file work37.pdb (PDB, C-alpha atoms)
ATOM      1  CA  MET A   4       0.000   0.000   0.000
ATOM      2  CA  ASN A   5       1.458   3.365  -0.884
ATOM      3  CA  SER A   6       1.887   6.225   1.584
ATOM      4  CA  ALA A   7      -1.038   8.286   0.236
ATOM      5  CA  HIS A   8      -3.564   5.468   0.794
ATOM      6  CA  ARG A   9      -2.211   4.681   4.259
ATOM      7  CA  HIS A  10      -2.869   8.234   5.513
ATOM      8  CA  THR A  11      -6.205   8.874   3.785
ATOM      9  CA  PRO A  12      -8.361   8.084   6.886
ATOM     10  CA  THR A  13      -6.205  10.363   9.055
ATOM     11  CA  LEU A  14      -6.379  13.207   6.560
ATOM     12  CA  ALA A  15     -10.135  12.755   6.164
ATOM     13  CA  LEU A  16     -10.589  12.991   9.944
ATOM     14  CA  LEU A  17      -8.424  16.091  10.135
ATOM     15  CA  ALA A  18     -10.421  17.710   7.324
ATOM     16  CA  LEU A  19     -13.693  16.897   9.126
ATOM     17  CA  LEU A  20     -12.458  18.351  12.428
ATOM     18  CA  LEU A  21     -11.146  21.487  10.753
ATOM     19  CA  PHE A  22     -14.428  21.920   8.861
ATOM     20  CA  ALA A  23     -16.379  21.624  12.114
ATOM     21  CA  ALA A  24     -14.078  24.201  13.755
ATOM     22  CA  THR A  25     -14.669  26.698  10.934
ATOM     23  CA  LEU A  26     -18.418  26.451  11.508
ATOM     24  CA  GLY A  27     -17.859  27.737  15.021
ATOM     25  CA  GLY A  28     -18.676  24.422  16.632
ATOM     26  CA  CYS A  29     -17.352  20.945  16.944
ATOM     27  CA  ALA A  30     -18.512  17.416  16.452
ATOM     28  CA  PRO A  31     -20.960  16.241  19.095
ATOM     29  CA  ALA A  32     -19.324  14.186  21.839
ATOM     30  CA  HIS A  33     -21.471  11.140  21.032
ATOM     31  CA  ILE A  34     -20.179  10.925  17.456
ATOM     32  CA  GLY A  35     -16.654   9.588  17.291
ATOM     33  CA  PRO A  36     -14.487   8.610  14.325
ATOM     34  CA  GLU A  37     -12.796   5.239  14.031
ATOM     35  CA  PRO A  38      -9.725   4.779  16.237
ATOM     36  CA  LEU A  39      -6.460   5.977  14.773
ATOM     37  CA  PRO A  40      -3.054   4.426  15.368
ATOM     38  CA  GLY A  41      -1.391   7.838  15.660
ATOM     39  CA  TYR A  42      -1.099  10.907  13.548
ATOM     40  CA  SER A  43      -0.067  11.564  10.009
ATOM     41  CA  GLN A  44       3.317  12.553   8.693
ATOM     42  CA  GLY A  45       4.247  16.161   9.276
ATOM     43  CA  GLY A  46       3.055  16.049  12.891
ATOM     44  CA  ARG A  47      -0.574  16.914  12.208
ATOM     45  CA  SER A  48      -2.486  15.518  15.127
ATOM     46  CA  PRO A  49      -6.235  14.890  15.033
ATOM     47  CA  VAL A  50      -6.197  15.146  18.846
ATOM     48  CA  VAL A  51      -4.784  18.670  18.577
ATOM     49  CA  ALA A  52      -7.404  19.552  15.956
ATOM     50  CA  ALA A  53     -10.175  18.259  18.230
ATOM     51  CA  ALA A  54      -8.856  20.206  21.235
ATOM     52  CA  ARG A  55      -8.286  23.341  19.169
ATOM     53  CA  SER A  56     -11.902  23.210  17.962
ATOM     54  CA  LEU A  57     -12.917  23.880  21.587
ATOM     55  CA  ASN A  58     -10.982  27.132  21.898
ATOM     56  CA  GLY A  59     -13.087  29.519  23.972
ATOM     57  CA  ALA A  60     -15.257  26.829  25.610
ATOM     58  CA  PRO A  61     -15.921  27.679  29.268
ATOM     59  CA  TYR A  62     -14.176  26.059  32.219
ATOM     60  CA  LYS A  63     -16.455  23.906  34.342
ATOM     61  CA  TRP A  64     -15.209  21.778  37.223
ATOM     62  CA  GLY A  65     -16.016  18.162  36.332
ATOM     63  CA  GLY A  66     -17.059  19.204  32.821
ATOM     64  CA  ASP A  67     -16.289  17.013  29.833
ATOM     65  CA  SER A  68     -18.522  18.110  26.959
ATOM     66  CA  PRO A  69     -18.896  21.076  24.609
ATOM     67  CA  GLN A  70     -22.429  21.565  25.950
ATOM     68  CA  THR A  71     -21.399  21.999  29.605
ATOM     69  CA  GLY A  72     -17.765  23.124  29.448
ATOM     70  CA  PHE A  73     -14.527  21.446  30.491
ATOM     71  CA  ASP A  74     -12.102  21.050  33.318
ATOM     72  CA  CYS A  75      -8.526  20.258  32.297
ATOM     73  CA  SER A  76      -8.791  16.467  32.265
ATOM     74  CA  GLY A  77     -12.284  16.591  30.784
ATOM     75  CA  LEU A  78     -10.852  18.462  27.793
ATOM     76  CA  THR A  79      -8.060  15.926  27.238
ATOM     77  CA  TRP A  80     -10.458  13.012  27.769
ATOM     78  CA  TRP A  81     -12.932  14.476  25.228
ATOM     79  CA  ALA A  82     -10.275  15.255  22.591
ATOM     80  CA  TYR A  83      -8.841  11.735  22.727
ATOM     81  CA  ARG A  84     -12.314  10.244  22.642
ATOM     82  CA  GLN A  85     -12.917  12.041  19.326
ATOM     83  CA  VAL A  86     -10.169   9.915  17.754
ATOM     84  CA  GLY A  87     -11.384   6.693  19.358
ATOM     85  CA  VAL A  88      -8.936   6.538  22.268
ATOM     86  CA  ASP A  89     -10.300   5.649  25.695
ATOM     87  CA  LEU A  90      -8.235   7.845  28.006
ATOM     88  CA  PRO A  91      -8.835   7.779  31.781
ATOM     89  CA  ARG A  92     -11.025  10.699  32.892
ATOM     90  CA  VAL A  93      -8.939  12.089  35.804
ATOM     91  CA  SER A  94      -5.554  13.822  35.361
ATOM     92  CA  THR A  95      -3.737  11.663  37.940
ATOM     93  CA  ASP A  96      -4.867   8.549  36.051
ATOM     94  CA  GLN A  97      -3.974  10.162  32.709
ATOM     95  CA  TYR A  98      -0.461  10.704  34.076
ATOM     96  CA  GLU A  99      -0.124   6.916  34.360
ATOM     97  CA  ALA A 100      -1.382   6.269  30.777
ATOM     98  CA  GLY A 101       0.821   5.889  27.715
ATOM     99  CA  GLN A 102       4.585   6.257  27.760
ATOM    100  CA  PRO A 103       6.667   8.922  29.529
ATOM    101  CA  VAL A 104       8.236  11.514  27.236
ATOM    102  CA  SER A 105      11.138  13.840  28.040
ATOM    103  CA  ARG A 106      10.452  17.558  27.734
ATOM    104  CA  ARG A 107      12.731  17.874  24.702
ATOM    105  CA  ASP A 108      10.852  15.052  22.906
ATOM    106  CA  ILE A 109       7.298  16.364  23.331
ATOM    107  CA  ARG A 110       5.279  16.065  20.111
ATOM    108  CA  PRO A 111       1.821  17.274  19.052
ATOM    109  CA  GLY A 112      -0.875  15.297  20.846
ATOM    110  CA  ASP A 113       1.253  14.403  23.871
ATOM    111  CA  LEU A 114      -0.268  15.137  27.261
ATOM    112  CA  VAL A 115       1.658  17.690  29.340
ATOM    113  CA  PHE A 116       1.298  17.855  33.114
ATOM    114  CA  PHE A 117       1.870  20.561  35.699
ATOM    115  CA  ARG A 118       1.832  20.711  39.503
ATOM    116  CA  LEU A 119       0.191  23.981  40.520
ATOM    117  CA  PRO A 120       1.132  25.952  43.637
ATOM    118  CA  GLY A 121      -1.019  25.326  46.676
ATOM    119  CA  LYS A 122      -2.448  22.119  45.189
ATOM    120  CA  PRO A 123       0.092  19.350  45.919
ATOM    121  CA  SER A 124      -2.248  16.474  45.075
ATOM    122  CA  PHE A 125      -3.637  18.122  41.945
ATOM    123  CA  MET A 126      -2.200  17.762  38.440
ATOM    124  CA  HIS A 127      -3.113  20.125  35.635
ATOM    125  CA  VAL A 128      -3.072  18.618  32.129
ATOM    126  CA  GLY A 129      -3.155  19.880  28.557
ATOM    127  CA  ILE A 130      -2.397  18.726  25.008
ATOM    128  CA  ALA A 131       0.866  19.743  23.316
ATOM    129  CA  THR A 132       0.604  21.277  19.834
ATOM    130  CA  GLU A 133       2.921  21.683  16.863
ATOM    131  CA  ARG A 134       3.425  25.348  17.802
ATOM    132  CA  GLY A 135       5.343  24.867  21.063
ATOM    133  CA  THR A 136       2.105  25.542  22.907
ATOM    134  CA  PHE A 137      -0.466  23.464  24.734
ATOM    135  CA  ILE A 138      -4.255  23.574  24.785
ATOM    136  CA  HIS A 139      -5.925  23.443  28.180
ATOM    137  CA  SER A 140      -8.921  24.477  30.240
ATOM    138  CA  PRO A 141      -7.241  26.639  32.883
ATOM    139  CA  SER A 142      -9.475  27.324  35.878
ATOM    140  CA  SER A 143     -12.784  28.597  37.137
ATOM    141  CA  GLY A 144     -13.863  31.631  35.139
ATOM    142  CA  GLY A 145     -11.437  30.760  32.344
ATOM    143  CA  ARG A 146     -11.902  29.353  28.869
ATOM    144  CA  VAL A 147     -10.132  26.701  26.804
ATOM    145  CA  ARG A 148      -7.049  28.325  25.328
ATOM    146  CA  GLU A 149      -3.596  27.782  23.911
ATOM    147  CA  GLU A 150      -0.521  28.934  25.830
ATOM    148  CA  ALA A 151       3.243  28.667  25.380
ATOM    149  CA  LEU A 152       4.846  25.672  27.059
ATOM    150  CA  ASP A 153       7.946  27.797  27.606
ATOM    151  CA  ALA A 154       6.135  30.633  29.373
ATOM    152  CA  PRO A 155       7.910  31.061  32.738
ATOM    153  CA  TYR A 156       4.882  29.989  34.808
ATOM    154  CA  TRP A 157       4.298  26.765  32.873
ATOM    155  CA  ARG A 158       8.012  25.957  32.571
ATOM    156  CA  GLU A 159       8.374  26.286  36.356
ATOM    157  CA  HIS A 160       5.414  23.989  37.129
ATOM    158  CA  PHE A 161       5.957  21.354  34.409
ATOM    159  CA  ILE A 162       6.255  17.834  35.877
ATOM    160  CA  GLY A 163       6.070  15.531  32.857
ATOM    161  CA  ALA A 164       4.581  14.440  29.566
ATOM    162  CA  ARG A 165       2.985  11.231  28.310
ATOM    163  CA  ARG A 166       2.618   9.902  24.778
ATOM    164  CA  ILE A 167      -0.729   8.214  24.266
ATOM    165  CA  LEU A 168      -0.697   7.817  20.475
ATOM    166  CA  LYS A 169       1.955   6.175  18.339
ATOM    167  CA  THR A 170       3.820   8.657  16.188
ATOM    168  CA  SER A 171       5.036   8.431  12.622
ATOM    169  CA  GLY A 172       7.119  10.513  10.233
TER     170      GLY A 172
END
call {"tool": "encode", "arguments": {"input": "work37.pdb", "output": "structure tokens"}}
result
Amino acid sequence: MNSAHRHTPTLALLALLLFAATLGGCAPAHIGPEPLPGYSQGGRSPVVAAARSLNGAPYKWGGDSPQTGFDCSGLTWWAYRQVGVDLPRVSTDQYEAGQPVSRRDIRPGDLVFFRLPGKPSFMHVGIATERGTFIHSPSSGGRVREEALDAPYWREHFIGARRILKTSG
């Protein structure tokens, strides 16, 4: 099978997610594409596209749907679910999923984790992008957004990354 045919389902999913994002919405949580083994060459991640489609969605503690809003782990859980991956729902359990990744090897779609001040048992989680940023649902009163992984605050509180999807190219 040639390379173009091998990546057609991945590219079709990416096109669908991007189309939904341009309409100002996203695919309903109950409709999920077939599971993907990873992401296509060039680092384009359908998980990143799914998370990015939620930019501006409100923060809601315990939230995990576009209709109600998202907490940090609800956002990551929902984005992975859109590509057929059953990720644990809570950030501490997500930290145990997949394979550990060093900071210098973070790729689009990897989960990135932070330990926030004053919350020693709490882990904040987001999804790394191809831009050196991560997408996350920050806190009460906030909205899903993209921020630089190398911003001083996030660099200081970074505790690890996990790779859930296989990578290629």
call {"tool": "resolve_selection", "arguments": {"input": "work37.pdb", "expression": "the PyMOL selection byres ((chain A and resi 91-96) around 10)", "output": "PDB file with C-alpha atoms, in the coordinates of the input"}}
result
ATOM      1  CA  GLY A  65     -16.016  18.162  36.332  1.00  0.00           C
ATOM      2  CA  ASP A  67     -16.289  17.013  29.833  1.00  0.00           C
ATOM      3  CA  ASP A  74     -12.102  21.050  33.318  1.00  0.00           C
ATOM      4  CA  CYS A  75      -8.526  20.258  32.297  1.00  0.00           C
ATOM      5  CA  SER A  76      -8.791  16.467  32.265  1.00  0.00           C
ATOM      6  CA  GLY A  77     -12.284  16.591  30.784  1.00  0.00           C
ATOM      7  CA  LEU A  78     -10.852  18.462  27.793  1.00  0.00           C
ATOM      8  CA  THR A  79      -8.060  15.926  27.238  1.00  0.00           C
ATOM      9  CA  TRP A  80     -10.458  13.012  27.769  1.00  0.00           C
ATOM     10  CA  TRP A  81     -12.932  14.476  25.228  1.00  0.00           C
ATOM     11  CA  TYR A  83      -8.841  11.735  22.727  1.00  0.00           C
ATOM     12  CA  VAL A  88      -8.936   6.538  22.268  1.00  0.00           C
ATOM     13  CA  ASP A  89     -10.300   5.649  25.695  1.00  0.00           C
ATOM     14  CA  LEU A  90      -8.235   7.845  28.006  1.00  0.00           C
ATOM     15  CA  GLN A  97      -3.974  10.162  32.709  1.00  0.00           C
ATOM     16  CA  TYR A  98      -0.461  10.704  34.076  1.00  0.00           C
ATOM     17  CA  GLU A  99      -0.124   6.916  34.360  1.00  0.00           C
ATOM     18  CA  ALA A 100      -1.382   6.269  30.777  1.00  0.00           C
ATOM     19  CA  LEU A 114      -0.268  15.137  27.261  1.00  0.00           C
ATOM     20  CA  PHE A 116       1.298  17.855  33.114  1.00  0.00           C
ATOM     21  CA  SER A 124      -2.248  16.474  45.075  1.00  0.00           C
ATOM     22  CA  PHE A 125      -3.637  18.122  41.945  1.00  0.00           C
ATOM     23  CA  MET A 126      -2.200  17.762  38.440  1.00  0.00           C
ATOM     24  CA  HIS A 127      -3.113  20.125  35.635  1.00  0.00           C
ATOM     25  CA  VAL A 128      -3.072  18.618  32.129  1.00  0.00           C
ATOM     26  CA  GLY A 129      -3.155  19.880  28.557  1.00  0.00           C
TER      27      GLY A 129
END
call {"tool": "residues_around", "arguments": {"input": "work37.pdb", "residues": "Pro123 (chain A)", "least_positions_apart": "4", "cutoff": "12 Å", "atoms": "all atoms listed in the file", "output": "ChimeraX atom specification"}}
result
/A:95,117-119,127,160,162
call {"tool": "axis_aligned_box", "arguments": {"input": "work37.pdb", "around": "region 77-83 of chain A", "padding_each_side": "6 Å", "output": "JSON"}}
result
{"center_x": -10.5, "center_y": 15.1, "center_z": 26.7, "size_x": 16.9, "size_y": 18.7, "size_z": 20.2}
call {"tool": "atom_distance", "arguments": {"input": "work37.pdb", "atom1": "CA of Ala60 (chain A)", "atom2": "CA of Arg146 (chain A)"}}
result
5.3 Å
call {"tool": "closest_residue", "arguments": {"input": "work37.pdb", "among": "A:Ile167, A:Val147, A:Val115, A:Val50", "to": "Ala82 (chain A)", "atoms": "only C-alpha atoms"}}
result
A:Val50
call {"tool": "residues_near_point", "arguments": {"input": "work37.pdb", "point": "(4.9, 18.6, 24.3)", "cutoff": "10 Å", "atoms": "all atoms listed in the file", "output": "MDAnalysis selection string"}}
result
chainID A and resid 104:116 129:137 152 163:166
